[in-house]
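Trainee: Next comes the structure file work-v1.txt, holding compact mmCIF, C-alpha atoms and all ligand atoms.
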# COMPACT_ATOMS: atom_id res chain seq x y z
CA MET A 40 -90.73 -64.38 -37.40
CA PRO A 41 -88.35 -61.85 -35.74
CA LYS A 42 -86.01 -60.14 -38.17
CA ILE A 43 -82.41 -61.28 -37.68
CA VAL A 44 -80.12 -58.25 -37.51
CA ASP A 45 -76.44 -58.78 -38.25
CA THR A 46 -74.69 -56.67 -35.62
CA LYS A 47 -71.19 -57.73 -36.68
CA GLU A 48 -69.13 -54.74 -37.74
CA PRO A 49 -67.70 -54.82 -41.28
CA GLU A 50 -64.16 -56.17 -41.43
CA LEU A 51 -61.83 -53.31 -42.38
CA LYS A 52 -58.17 -52.98 -43.31
CA ILE A 53 -56.78 -50.31 -40.99
CA LEU A 54 -53.43 -48.53 -41.13
CA VAL A 55 -51.95 -47.69 -37.71
CA THR A 56 -48.79 -45.58 -37.63
CA GLY A 57 -46.70 -45.70 -34.46
CA ALA A 58 -47.81 -49.34 -34.14
CA ALA A 59 -44.73 -50.43 -32.16
CA GLY A 60 -45.26 -47.75 -29.52
CA PHE A 61 -47.12 -47.87 -26.25
CA LEU A 62 -50.52 -46.65 -27.46
CA GLY A 63 -50.16 -47.89 -31.04
CA SER A 64 -49.51 -51.50 -30.06
CA ASN A 65 -52.45 -51.47 -27.65
CA LEU A 66 -54.64 -50.01 -30.41
CA VAL A 67 -53.49 -52.71 -32.86
CA ASP A 68 -54.55 -55.41 -30.37
CA PHE A 69 -57.89 -53.68 -29.84
CA LEU A 70 -58.60 -53.45 -33.60
CA LEU A 71 -57.62 -57.10 -34.19
CA GLU A 72 -59.94 -58.13 -31.34
CA LYS A 73 -62.71 -56.21 -33.08
CA GLY A 74 -62.14 -58.45 -36.12
CA HIS A 75 -60.30 -55.99 -38.36
CA ASN A 76 -57.09 -56.42 -40.36
CA VAL A 77 -54.24 -54.09 -39.49
CA ILE A 78 -51.16 -52.75 -41.23
CA GLY A 79 -48.75 -51.38 -38.63
CA VAL A 80 -46.17 -48.77 -39.58
CA ASP A 81 -43.23 -47.75 -37.41
CA ASN A 82 -39.54 -46.80 -37.60
CA PHE A 83 -38.78 -47.86 -33.97
CA GLN A 84 -37.62 -44.39 -32.98
CA SER A 85 -39.26 -44.69 -29.57
CA GLY A 86 -41.17 -47.96 -29.97
CA SER A 87 -40.08 -51.56 -29.67
CA SER A 88 -40.56 -54.64 -31.85
CA GLN A 89 -41.25 -56.54 -28.60
CA ASN A 90 -44.62 -54.79 -28.44
CA LEU A 91 -45.63 -56.62 -31.63
CA ASP A 92 -43.87 -59.97 -31.06
CA HIS A 93 -47.12 -61.70 -30.10
CA LEU A 94 -48.55 -60.90 -33.56
CA LYS A 95 -45.80 -62.60 -35.59
CA ASN A 96 -48.07 -65.45 -36.63
CA ASP A 97 -51.27 -63.46 -36.94
CA ALA A 98 -52.21 -63.42 -40.63
CA ARG A 99 -54.44 -60.40 -40.08
CA PHE A 100 -51.47 -58.23 -39.11
CA GLU A 101 -48.83 -56.87 -41.50
CA PHE A 102 -45.91 -54.66 -40.55
CA LEU A 103 -44.17 -52.00 -42.60
CA SER A 104 -40.92 -50.53 -41.31
CA HIS A 105 -41.12 -46.94 -42.51
CA ASN A 106 -40.42 -43.36 -41.45
CA ILE A 107 -43.61 -41.39 -42.04
CA GLN A 108 -41.52 -38.31 -42.87
CA ASP A 109 -41.14 -40.06 -46.25
CA ALA A 110 -44.13 -40.61 -48.55
CA LEU A 111 -45.83 -43.94 -47.95
CA PRO A 112 -45.97 -46.66 -50.60
CA ASP A 113 -49.31 -47.27 -52.30
CA LEU A 114 -51.10 -49.40 -49.73
CA VAL A 115 -53.87 -51.26 -51.47
CA GLY A 116 -57.31 -51.70 -49.91
CA VAL A 117 -56.83 -49.55 -46.79
CA HIS A 118 -60.13 -48.26 -45.34
CA GLN A 119 -58.99 -46.09 -42.43
CA ILE A 120 -55.84 -44.49 -40.99
CA TYR A 121 -54.93 -43.89 -37.35
CA ASN A 122 -51.87 -41.62 -37.15
CA LEU A 123 -50.06 -42.21 -33.86
CA ALA A 124 -46.45 -42.03 -35.06
CA CYS A 125 -44.58 -39.44 -32.99
CA PRO A 126 -42.32 -39.76 -29.96
CA ALA A 127 -44.54 -38.79 -27.02
CA SER A 128 -42.18 -38.62 -24.07
CA PRO A 129 -39.93 -35.55 -23.55
CA VAL A 130 -36.88 -37.84 -23.30
CA HIS A 131 -37.51 -39.01 -26.86
CA TYR A 132 -38.99 -35.96 -28.54
CA GLN A 133 -36.23 -33.66 -27.22
CA LYS A 134 -33.44 -35.94 -28.45
CA ASP A 135 -33.91 -34.76 -32.06
CA PRO A 136 -36.33 -31.81 -31.95
CA VAL A 137 -36.04 -31.05 -35.68
CA SER A 138 -37.06 -34.61 -36.49
CA THR A 139 -39.98 -34.35 -34.03
CA LEU A 140 -41.25 -31.28 -35.89
CA ASN A 141 -40.79 -33.08 -39.21
CA THR A 142 -42.70 -36.12 -37.99
CA CYS A 143 -45.53 -33.88 -36.80
CA PHE A 144 -45.71 -31.83 -39.97
CA LEU A 145 -44.28 -33.83 -42.91
CA GLY A 146 -45.39 -37.15 -41.43
CA THR A 147 -48.95 -35.98 -40.89
CA GLN A 148 -48.96 -34.43 -44.36
CA ASN A 149 -47.91 -37.75 -45.94
CA LEU A 150 -50.77 -39.50 -44.18
CA LEU A 151 -53.26 -36.79 -45.10
CA GLU A 152 -52.13 -37.18 -48.73
CA LEU A 153 -52.73 -40.91 -48.48
CA ALA A 154 -56.20 -40.29 -47.03
CA ARG A 155 -56.87 -37.76 -49.76
CA SER A 156 -55.78 -39.99 -52.64
CA LYS A 157 -57.74 -42.98 -51.31
CA ARG A 158 -60.72 -40.92 -50.08
CA ILE A 159 -60.57 -42.58 -46.66
CA ARG A 160 -61.00 -41.33 -43.11
CA ILE A 161 -57.95 -40.40 -41.04
CA LEU A 162 -57.81 -40.02 -37.26
CA HIS A 163 -54.88 -37.94 -36.09
CA THR A 164 -53.70 -38.17 -32.48
CA SER A 165 -53.06 -34.74 -31.05
CA THR A 166 -52.37 -34.04 -27.41
CA SER A 167 -53.38 -32.07 -24.33
CA GLU A 168 -49.98 -30.37 -24.74
CA VAL A 169 -51.66 -28.07 -27.29
CA TYR A 170 -53.19 -26.36 -24.21
CA GLY A 171 -49.69 -25.69 -22.80
CA ASP A 172 -49.73 -24.23 -19.28
CA PRO A 173 -53.47 -23.57 -19.30
CA SER A 174 -55.21 -20.49 -17.96
CA ILE A 175 -58.62 -22.22 -18.15
CA HIS A 176 -59.28 -25.25 -16.00
CA PRO A 177 -60.43 -27.90 -16.87
CA GLN A 178 -59.59 -27.55 -20.57
CA PRO A 179 -62.43 -27.64 -23.11
CA GLU A 180 -61.70 -28.00 -26.83
CA HIS A 181 -62.55 -24.35 -27.52
CA TYR A 182 -59.69 -23.15 -25.29
CA TRP A 183 -56.82 -22.08 -27.58
CA GLY A 184 -54.02 -22.81 -25.17
CA ASN A 185 -50.96 -21.12 -23.68
CA VAL A 186 -47.90 -22.63 -25.34
CA ASN A 187 -44.31 -21.37 -25.41
CA SER A 188 -43.19 -21.55 -29.05
CA PHE A 189 -39.53 -21.02 -28.10
CA GLY A 190 -38.55 -23.59 -25.52
CA PRO A 191 -37.54 -27.23 -25.08
CA ARG A 192 -41.12 -28.55 -25.32
CA ALA A 193 -42.01 -26.48 -28.39
CA CYS A 194 -40.94 -29.11 -30.95
CA TYR A 195 -43.70 -31.39 -29.66
CA ASP A 196 -46.35 -28.89 -28.52
CA GLU A 197 -46.08 -26.63 -31.56
CA GLY A 198 -45.52 -29.62 -33.87
CA LYS A 199 -48.82 -31.07 -32.71
CA ARG A 200 -50.54 -27.69 -33.08
CA ALA A 201 -49.21 -27.37 -36.64
CA ALA A 202 -50.44 -30.91 -37.38
CA GLU A 203 -53.94 -29.95 -36.22
CA ALA A 204 -53.79 -26.89 -38.48
CA LEU A 205 -52.74 -29.14 -41.35
CA CYS A 206 -55.70 -31.48 -40.74
CA TYR A 207 -57.99 -28.45 -40.80
CA ALA A 208 -56.39 -27.20 -44.04
CA TYR A 209 -56.75 -30.60 -45.74
CA ARG A 210 -60.39 -30.80 -44.68
CA GLU A 211 -61.16 -27.28 -45.97
CA GLN A 212 -59.04 -27.35 -49.12
CA HIS A 213 -59.23 -30.99 -50.16
CA GLY A 214 -62.31 -32.34 -48.36
CA VAL A 215 -60.36 -34.96 -46.39
CA ASP A 216 -62.47 -36.76 -43.79
CA ILE A 217 -60.53 -36.04 -40.59
CA ARG A 218 -60.91 -36.85 -36.91
CA ILE A 219 -58.66 -35.31 -34.24
CA ALA A 220 -58.21 -36.78 -30.75
CA ARG A 221 -56.55 -34.61 -28.12
CA ILE A 222 -55.23 -37.32 -25.85
CA PHE A 223 -54.47 -36.57 -22.20
CA ASN A 224 -51.84 -38.39 -20.13
CA THR A 225 -52.36 -42.12 -20.75
CA TYR A 226 -50.62 -45.00 -19.01
CA GLY A 227 -50.64 -48.78 -18.94
CA PRO A 228 -48.77 -51.89 -20.03
CA ARG A 229 -46.01 -51.41 -22.66
CA MET A 230 -45.12 -47.91 -21.57
CA ARG A 231 -41.39 -48.26 -21.15
CA PRO A 232 -39.99 -47.74 -17.63
CA SER A 233 -37.05 -45.80 -19.04
CA ASP A 234 -38.88 -43.26 -21.19
CA GLY A 235 -39.35 -40.73 -18.43
CA ARG A 236 -43.14 -40.61 -18.27
CA VAL A 237 -44.35 -40.16 -14.76
CA VAL A 238 -46.46 -43.29 -14.12
CA SER A 239 -43.96 -45.78 -15.56
CA SER A 240 -41.01 -43.98 -13.93
CA PHE A 241 -42.68 -44.06 -10.50
CA ILE A 242 -43.58 -47.75 -10.82
CA ALA A 243 -40.09 -48.70 -12.03
CA SER A 244 -38.43 -46.82 -9.14
CA ALA A 245 -40.76 -48.28 -6.50
CA LEU A 246 -40.21 -51.82 -7.81
CA ALA A 247 -36.44 -51.26 -7.79
CA SER A 248 -36.71 -50.07 -4.15
CA GLU A 249 -35.43 -46.63 -5.20
CA ASP A 250 -36.82 -43.27 -4.09
CA LEU A 251 -39.45 -41.74 -6.36
CA LYS A 252 -38.18 -38.50 -7.90
CA ILE A 253 -40.65 -35.63 -8.18
CA THR A 254 -39.63 -32.63 -10.29
CA GLY A 255 -41.03 -29.54 -8.54
CA ASP A 256 -42.99 -29.53 -5.30
CA GLY A 257 -45.48 -32.28 -6.23
CA LYS A 258 -48.44 -29.88 -6.17
CA SER A 259 -48.96 -29.70 -9.94
CA THR A 260 -51.86 -31.82 -11.13
CA ARG A 261 -52.45 -34.30 -13.94
CA SER A 262 -55.26 -36.56 -15.09
CA PHE A 263 -54.37 -40.16 -15.81
CA GLN A 264 -56.21 -42.27 -18.34
CA TYR A 265 -55.83 -46.05 -18.51
CA VAL A 266 -54.87 -47.27 -21.97
CA THR A 267 -58.01 -49.36 -22.67
CA ASP A 268 -60.17 -46.29 -22.06
CA CYS A 269 -58.04 -44.40 -24.57
CA THR A 270 -58.20 -47.05 -27.33
CA GLN A 271 -61.98 -47.28 -26.89
CA GLY A 272 -62.20 -43.47 -27.12
CA LEU A 273 -60.12 -43.38 -30.31
CA TYR A 274 -62.23 -46.14 -31.86
CA SER A 275 -65.48 -44.35 -30.94
CA LEU A 276 -64.17 -41.11 -32.46
CA MET A 277 -63.13 -42.88 -35.67
CA GLY A 278 -66.64 -44.35 -35.95
CA SER A 279 -68.41 -41.08 -35.17
CA ASP A 280 -69.66 -38.30 -37.46
CA HIS A 281 -67.69 -35.69 -35.55
CA SER A 282 -65.35 -34.13 -38.12
CA GLN A 283 -65.98 -30.55 -36.93
CA GLY A 284 -62.94 -30.33 -34.67
CA PRO A 285 -60.74 -31.93 -32.01
CA VAL A 286 -62.21 -34.04 -29.20
CA ASN A 287 -60.57 -34.45 -25.77
CA ILE A 288 -59.89 -38.10 -24.88
CA GLY A 289 -58.82 -38.26 -21.27
CA ASN A 290 -59.86 -39.09 -17.74
CA PRO A 291 -61.25 -36.09 -15.83
CA GLY A 292 -60.06 -37.41 -12.44
CA GLU A 293 -57.40 -34.97 -11.21
CA PHE A 294 -54.49 -35.88 -8.92
CA THR A 295 -51.44 -34.03 -7.69
CA ILE A 296 -48.12 -35.63 -8.57
CA GLN A 297 -47.62 -36.08 -4.83
CA GLN A 298 -50.87 -38.10 -4.63
CA LEU A 299 -49.84 -40.23 -7.61
CA ALA A 300 -46.46 -40.91 -5.99
CA GLU A 301 -48.01 -41.90 -2.65
CA LEU A 302 -50.60 -44.14 -4.32
CA THR A 303 -47.93 -45.84 -6.44
CA ILE A 304 -45.75 -46.43 -3.37
CA ASP A 305 -48.70 -47.99 -1.51
CA VAL A 306 -49.88 -50.24 -4.34
CA VAL A 307 -46.36 -51.40 -5.29
CA SER A 308 -45.53 -52.21 -1.69
CA HIS A 309 -48.82 -54.08 -1.29
CA MET A 310 -48.35 -56.09 -4.51
CA SER A 311 -44.63 -56.82 -4.27
CA GLY A 312 -44.23 -57.10 -0.51
CA HIS A 313 -41.31 -54.60 -0.69
CA PRO A 314 -41.04 -51.96 2.06
CA LYS A 315 -42.41 -48.55 1.08
CA VAL A 316 -39.88 -46.25 -0.63
CA SER A 317 -39.49 -42.48 -0.02
CA ILE A 318 -39.83 -39.44 -2.27
CA THR A 319 -37.07 -36.99 -3.25
CA TYR A 320 -37.73 -33.61 -4.88
CA LEU A 321 -35.80 -32.19 -7.85
CA PRO A 322 -35.95 -28.70 -9.42
CA PRO A 323 -39.03 -28.14 -11.63
CA LEU A 324 -38.79 -28.72 -15.40
CA VAL A 325 -38.85 -25.78 -17.85
CA ASP A 326 -42.39 -24.99 -19.13
CA ASP A 327 -43.94 -27.92 -17.26
CA PRO A 328 -47.69 -27.18 -16.96
CA VAL A 329 -49.03 -26.55 -13.44
CA VAL A 330 -52.48 -28.09 -13.97
CA ARG A 331 -54.01 -30.38 -16.55
CA ARG A 332 -57.47 -31.90 -16.66
CA PRO A 333 -59.75 -32.61 -19.61
CA ASP A 334 -63.27 -31.31 -19.97
CA ILE A 335 -64.87 -34.31 -21.70
CA THR A 336 -68.37 -32.88 -22.13
CA LEU A 337 -67.98 -33.05 -25.92
CA ALA A 338 -66.76 -36.67 -25.96
CA ARG A 339 -69.66 -37.70 -23.72
CA LYS A 340 -72.11 -35.94 -26.03
CA VAL A 341 -70.85 -36.87 -29.50
CA LEU A 342 -69.22 -40.23 -28.78
CA GLY A 343 -71.24 -41.46 -25.80
CA TRP A 344 -67.81 -42.29 -24.37
CA GLU A 345 -66.18 -41.76 -21.00
CA PRO A 346 -63.36 -43.53 -19.17
CA VAL A 347 -64.32 -46.40 -16.87
CA VAL A 348 -61.04 -47.57 -15.28
CA PRO A 349 -60.24 -45.90 -11.91
CA LEU A 350 -56.61 -44.90 -11.27
CA GLN A 351 -56.07 -47.50 -8.57
CA ASP A 352 -57.23 -50.38 -10.85
CA GLY A 353 -55.23 -49.12 -13.80
CA LEU A 354 -52.14 -48.77 -11.64
CA ARG A 355 -52.54 -52.32 -10.37
CA ARG A 356 -52.77 -53.70 -13.92
CA THR A 357 -49.75 -51.65 -14.99
CA ILE A 358 -47.68 -52.75 -11.99
CA GLU A 359 -48.60 -56.38 -12.74
CA TRP A 360 -47.22 -55.91 -16.26
CA HIS A 361 -43.98 -54.41 -14.90
CA ILE A 362 -43.58 -57.33 -12.49
CA ASP A 363 -44.20 -59.86 -15.32
CA GLN A 364 -41.68 -58.07 -17.51
CA SER A 365 -38.97 -58.18 -14.87
CA ARG A 366 -39.62 -61.92 -14.34
CA SER A 367 -39.38 -62.72 -18.05
CA HIS A 368 -36.02 -60.89 -18.51
P1 LIG A 401 -44.59 -43.87 -28.11
O1 LIG A 401 -43.37 -43.04 -28.19
O2 LIG A 401 -44.62 -45.05 -27.21
O3 LIG A 401 -45.02 -44.36 -29.56
C1 LIG A 401 -44.83 -43.61 -30.73
C2 LIG A 401 -44.46 -44.57 -31.84
O4 LIG A 401 -44.26 -43.82 -33.06
C3 LIG A 401 -43.13 -45.29 -31.57
O5 LIG A 401 -43.27 -46.67 -31.80
C4 LIG A 401 -42.14 -44.65 -32.55
O6 LIG A 401 -41.10 -45.51 -32.91
C5 LIG A 401 -43.07 -44.28 -33.69
N1 LIG A 401 -42.55 -43.18 -34.52
C6 LIG A 401 -42.06 -41.98 -34.09
N2 LIG A 401 -41.70 -41.23 -35.15
C7 LIG A 401 -41.95 -41.98 -36.25
C8 LIG A 401 -41.79 -41.75 -37.64
N3 LIG A 401 -41.28 -40.59 -38.11
N4 LIG A 401 -42.16 -42.72 -38.50
C9 LIG A 401 -42.67 -43.90 -38.06
N5 LIG A 401 -42.85 -44.16 -36.74
C10 LIG A 401 -42.50 -43.21 -35.85
O7 LIG A 401 -45.79 -42.85 -27.75
P2 LIG A 401 -47.30 -43.18 -27.36
O8 LIG A 401 -47.51 -42.83 -25.95
O9 LIG A 401 -47.68 -44.52 -27.83
O10 LIG A 401 -48.05 -42.07 -28.23
C11 LIG A 401 -48.68 -42.37 -29.47
C12 LIG A 401 -49.31 -41.10 -30.02
O11 LIG A 401 -50.28 -40.61 -29.11
C13 LIG A 401 -48.32 -39.98 -30.25
O12 LIG A 401 -48.62 -39.31 -31.45
C14 LIG A 401 -48.52 -39.06 -29.08
O13 LIG A 401 -48.23 -37.74 -29.39
C15 LIG A 401 -50.00 -39.26 -28.79
N6 LIG A 401 -50.29 -38.98 -27.38
C16 LIG A 401 -49.94 -39.87 -26.40
C17 LIG A 401 -50.19 -39.56 -25.07
C18 LIG A 401 -49.85 -40.51 -23.95
O14 LIG A 401 -50.08 -40.15 -22.80
N7 LIG A 401 -49.35 -41.69 -24.20
C19 LIG A 401 -50.81 -38.35 -24.75
C20 LIG A 401 -51.11 -37.46 -25.77
C21 LIG A 401 -50.88 -37.79 -27.08
Can you present the structure in this file as structure tokens?
Ligand code: NAD
Mentor:
Amino acid sequence: MPKIVDTKEPELKILVTGAAGFLGSNLVDFLLEKGHNVIGVDNFQSGSSQNLDHLKNDARFEFLSHNIQDALPDLVGVHQIYNLACPASPVHYQKDPVSTLNTCFLGTQNLLELARSKRIRILHTSTSEVYGDPSIHPQPEHYWGNVNSFGPRACYDEGKRAAEALCYAYREQHGVDIRIARIFNTYGPRMRPSDGRVVSSFIASALASEDLKITGDGKSTRSFQYVTDCTQGLYSLMGSDHSQGPVNIGNPGEFTIQQLAELTIDVVSHMSGHPKVSITYLPPLVDDPVVRRPDITLARKVLGWEPVVPLQDGLRRTIEWHIDQSRSH
């Protein structure tokens, strides 16, 4: 008789900080779909309760309104922590830069302490911003970066670098089981039109029949990862043995901002029937990187993961969400 193998994953209780944000709320949905229980933590600094409304009657989801800069209560029975709490868009992280640094450092420390006391694994979400304006292209994990420590982006970039250093210190000094994801530009449903991030801003402008505004000449490049690729990457990293160091989670496709703008204008016009809008150019932002593209050799090797959603498909799904949102309000 063939042996019956139970392939169902064990049901875990997972803490997700930043659960009301763009990525956090998508990760919560993903984990619930996988059959886990989730405790979401957020203080709504840049997130929205609307992102969790659909879970109100889901018994497998609990929510704790809490600022991670303060020590967390004793959460019983938690098996894993994903730390996503931190404003990610310049509009939000520059509003209160001291608080951003505190969230990165004190907040991450509180979660590392929780992981330490409970002897559980913690995945911290870092960012491609740790590479700054890179002098190596594409960026592998062993590149140390080129970051300005004394400028308007420093509270986020250096905060995230300090948080990585803290994860390293807790692993070395206290044996905490850490995972670090360096996430590259991610987009998709629930990214707020008003938070200044390029994909959602372009879509919102095109749908409102307003010109798209490019800061700089449009020649700088970015790589855009659809949100479901990112959540799968984070989940694979959490489940992997790779505690040695950070892993890039991003889409290696590289586009100029000009190309992204033109593609968005085309797809929005096609989906909405609106005439195509134009592009206006504004002065470049301070310390804005010129190029950005992940080298994902390590993720392919240690996680067996790579993104699967092409930009055009991801854009279409995101535009659909924006259209639905505007109909329901
Ligand atoms: P987001 O701003 O939409 O979500 C962040 C969430 O964290 C929000 O709900 C916010 O209210 C919450 N938060 C902020 N400070 C908090 C605090 N002190 N205590 C409790 N909650 C707090 O951002 P996002 O795009 O969902 O990003 C999530 C994480 O992923 C962030 O850590 C960000 O640095 C990282 N990341 C995101 C991207 C991206 O492209 N989206 C890229 C690189 C890294």
Trainee: Do you have the CA of Asp234 in chain A-CA of Gln271 in chain A distance handy?
Mentor: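 Separating CA of Asp234 in chain A from CA of Gln271 in chain A is a distance of 24.1 Å.
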Trainee: Let me have all residues with an atom within 6 Å of ligand LIG 401 (chain A), counting all atoms listed in the file, laid out as JSON, numbers by chain.
Mentor: {"A": [57, 58, 59, 60, 61, 62, 63, 81, 82, 83, 84, 85, 86, 105, 106, 107, 108, 123, 124, 125, 126, 127, 142, 164, 165, 166, 222, 223, 224, 225]}
Trainee: Each residue of range 58-145 of chain A lying at most 12 Å from range 179-202 of chain A should get a row with its shortest atom-to-atom pair and the distance in Å to one decimal, counting all atoms listed in the file; could you produce that, ordered by chain and increasing number, as a tab-separated table?
Mentor:
residue	atom	partner	partner_atom	distance
A:Asn122	CA	A:Ala202	CA	10.8
A:Leu123	CA	A:Lys199	CA	11.3
A:Ala124	CA	A:Lys199	CA	11.5
A:Cys125	CA	A:Tyr195	CA	8.8
A:Pro126	CA	A:Tyr195	CA	8.5
A:Ala127	CA	A:Tyr195	CA	7.9
A:Ser128	CA	A:Tyr195	CA	9.3
A:Pro129	CA	A:Arg192	CA	7.3
A:Val130	CA	A:Arg192	CA	10.4
A:His131	CA	A:Tyr195	CA	10.2
A:Tyr132	CA	A:Tyr195	CA	6.7
A:Gln133	CA	A:Pro191	CA	6.9
A:Lys134	CA	A:Pro191	CA	10.2
A:Asp135	CA	A:Cys194	CA	9.1
A:Pro136	CA	A:Cys194	CA	5.4
A:Val137	CA	A:Cys194	CA	7.1
A:Ser138	CA	A:Cys194	CA	8.7
A:Thr139	CA	A:Cys194	CA	6.2
A:Leu140	CA	A:Gly198	CA	5.0
A:Asn141	CA	A:Gly198	CA	7.9
A:Thr142	CA	A:Gly198	CA	8.2
A:Cys143	CA	A:Gly198	CA	5.2
A:Phe144	CA	A:Ala202	CA	5.5
A:Leu145	CA	A:Ala202	CA	8.8
Trainee: Could you write out as AutoDock Vina command-line options the box around range 90-108 of chain A (axis-aligned, all atoms listed in the file, 4 Å on each side), with centre and edge lengths in Å to one decimal?
Mentor:
--center_x -47.4 --center_y -51.9 --center_z -35.7 --size_x 22.0 --size_y 35.1 --size_z 22.4
Trainee: Neighbouring residues of Ile296 in chain A were defined as those with any atom within 8 Å, considering all atoms listed in the file; residues of the same chain fewer than 5 positions away were excluded. Please report them as a ChimeraX atom specification.
Mentor: /A:253,257-261
Trainee: Record the distance separating CA of Thr267 in chain A and CA of Pro349 in chain A, expressed in Å with one decimal.
Mentor: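 If I compute the distance from CA of Thr267 in chain A to CA of Pro349 in chain A, I get 11.5 Å.
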Trainee: Pick from A:Ser367, A:Thr254, A:Ser88, A:Ser104: nearest to Ser240 in chain A, with all atoms listed in the file counted?
Mentor: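 When distances to Ser240 in chain A are compared using all atoms listed in the file, the smallest one comes from A:Thr254.
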Trainee: Grab the CA of Leu103 in chain A to CA of Thr147 in chain A distance for me, in Å with one decimal place.
Mentor: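 Computing the Euclidean distance for CA of Leu103 in chain A and CA of Thr147 in chain A yields 16.8 Å.
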Trainee: Please list as a ChimeraX atom specification every residue within 8 Å of Arg99 in chain A, counting all atoms listed in the file and excluding residues in the same chain fewer than 6 positions away.
Mentor: /A:71,75-77
Trainee: So, with all atoms listed in the file as the atoms that count, which of A:Val115, A:Leu276, A:Ser64, A:Gly284 lies closest to Asp92 in chain A?
Mentor: A:Ser64
Trainee: I need the residue nearest Pro314 in chain A from this list: A:Glu101, A:Glu249, A:Asp109, A:Glu203. Use all atoms listed in the file for the distance.
Mentor: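 Closest residue, counting all atoms listed in the file: A:Glu249.
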Trainee: Which one is closest to Pro291 in chain A: A:Ser275, A:Ser308, A:Gln178, A:Gln351? Count only C-alpha atoms.
Mentor: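 Under the stated criterion, the closest residue is A:Gln178.
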Trainee: Could you check which of A:Val316, A:Val266, A:Val169, A:Met310 is closest to Val347 in chain A, using only C-alpha atoms?
Mentor: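 For Val347 in chain A, the nearest of the candidates is A:Val266.
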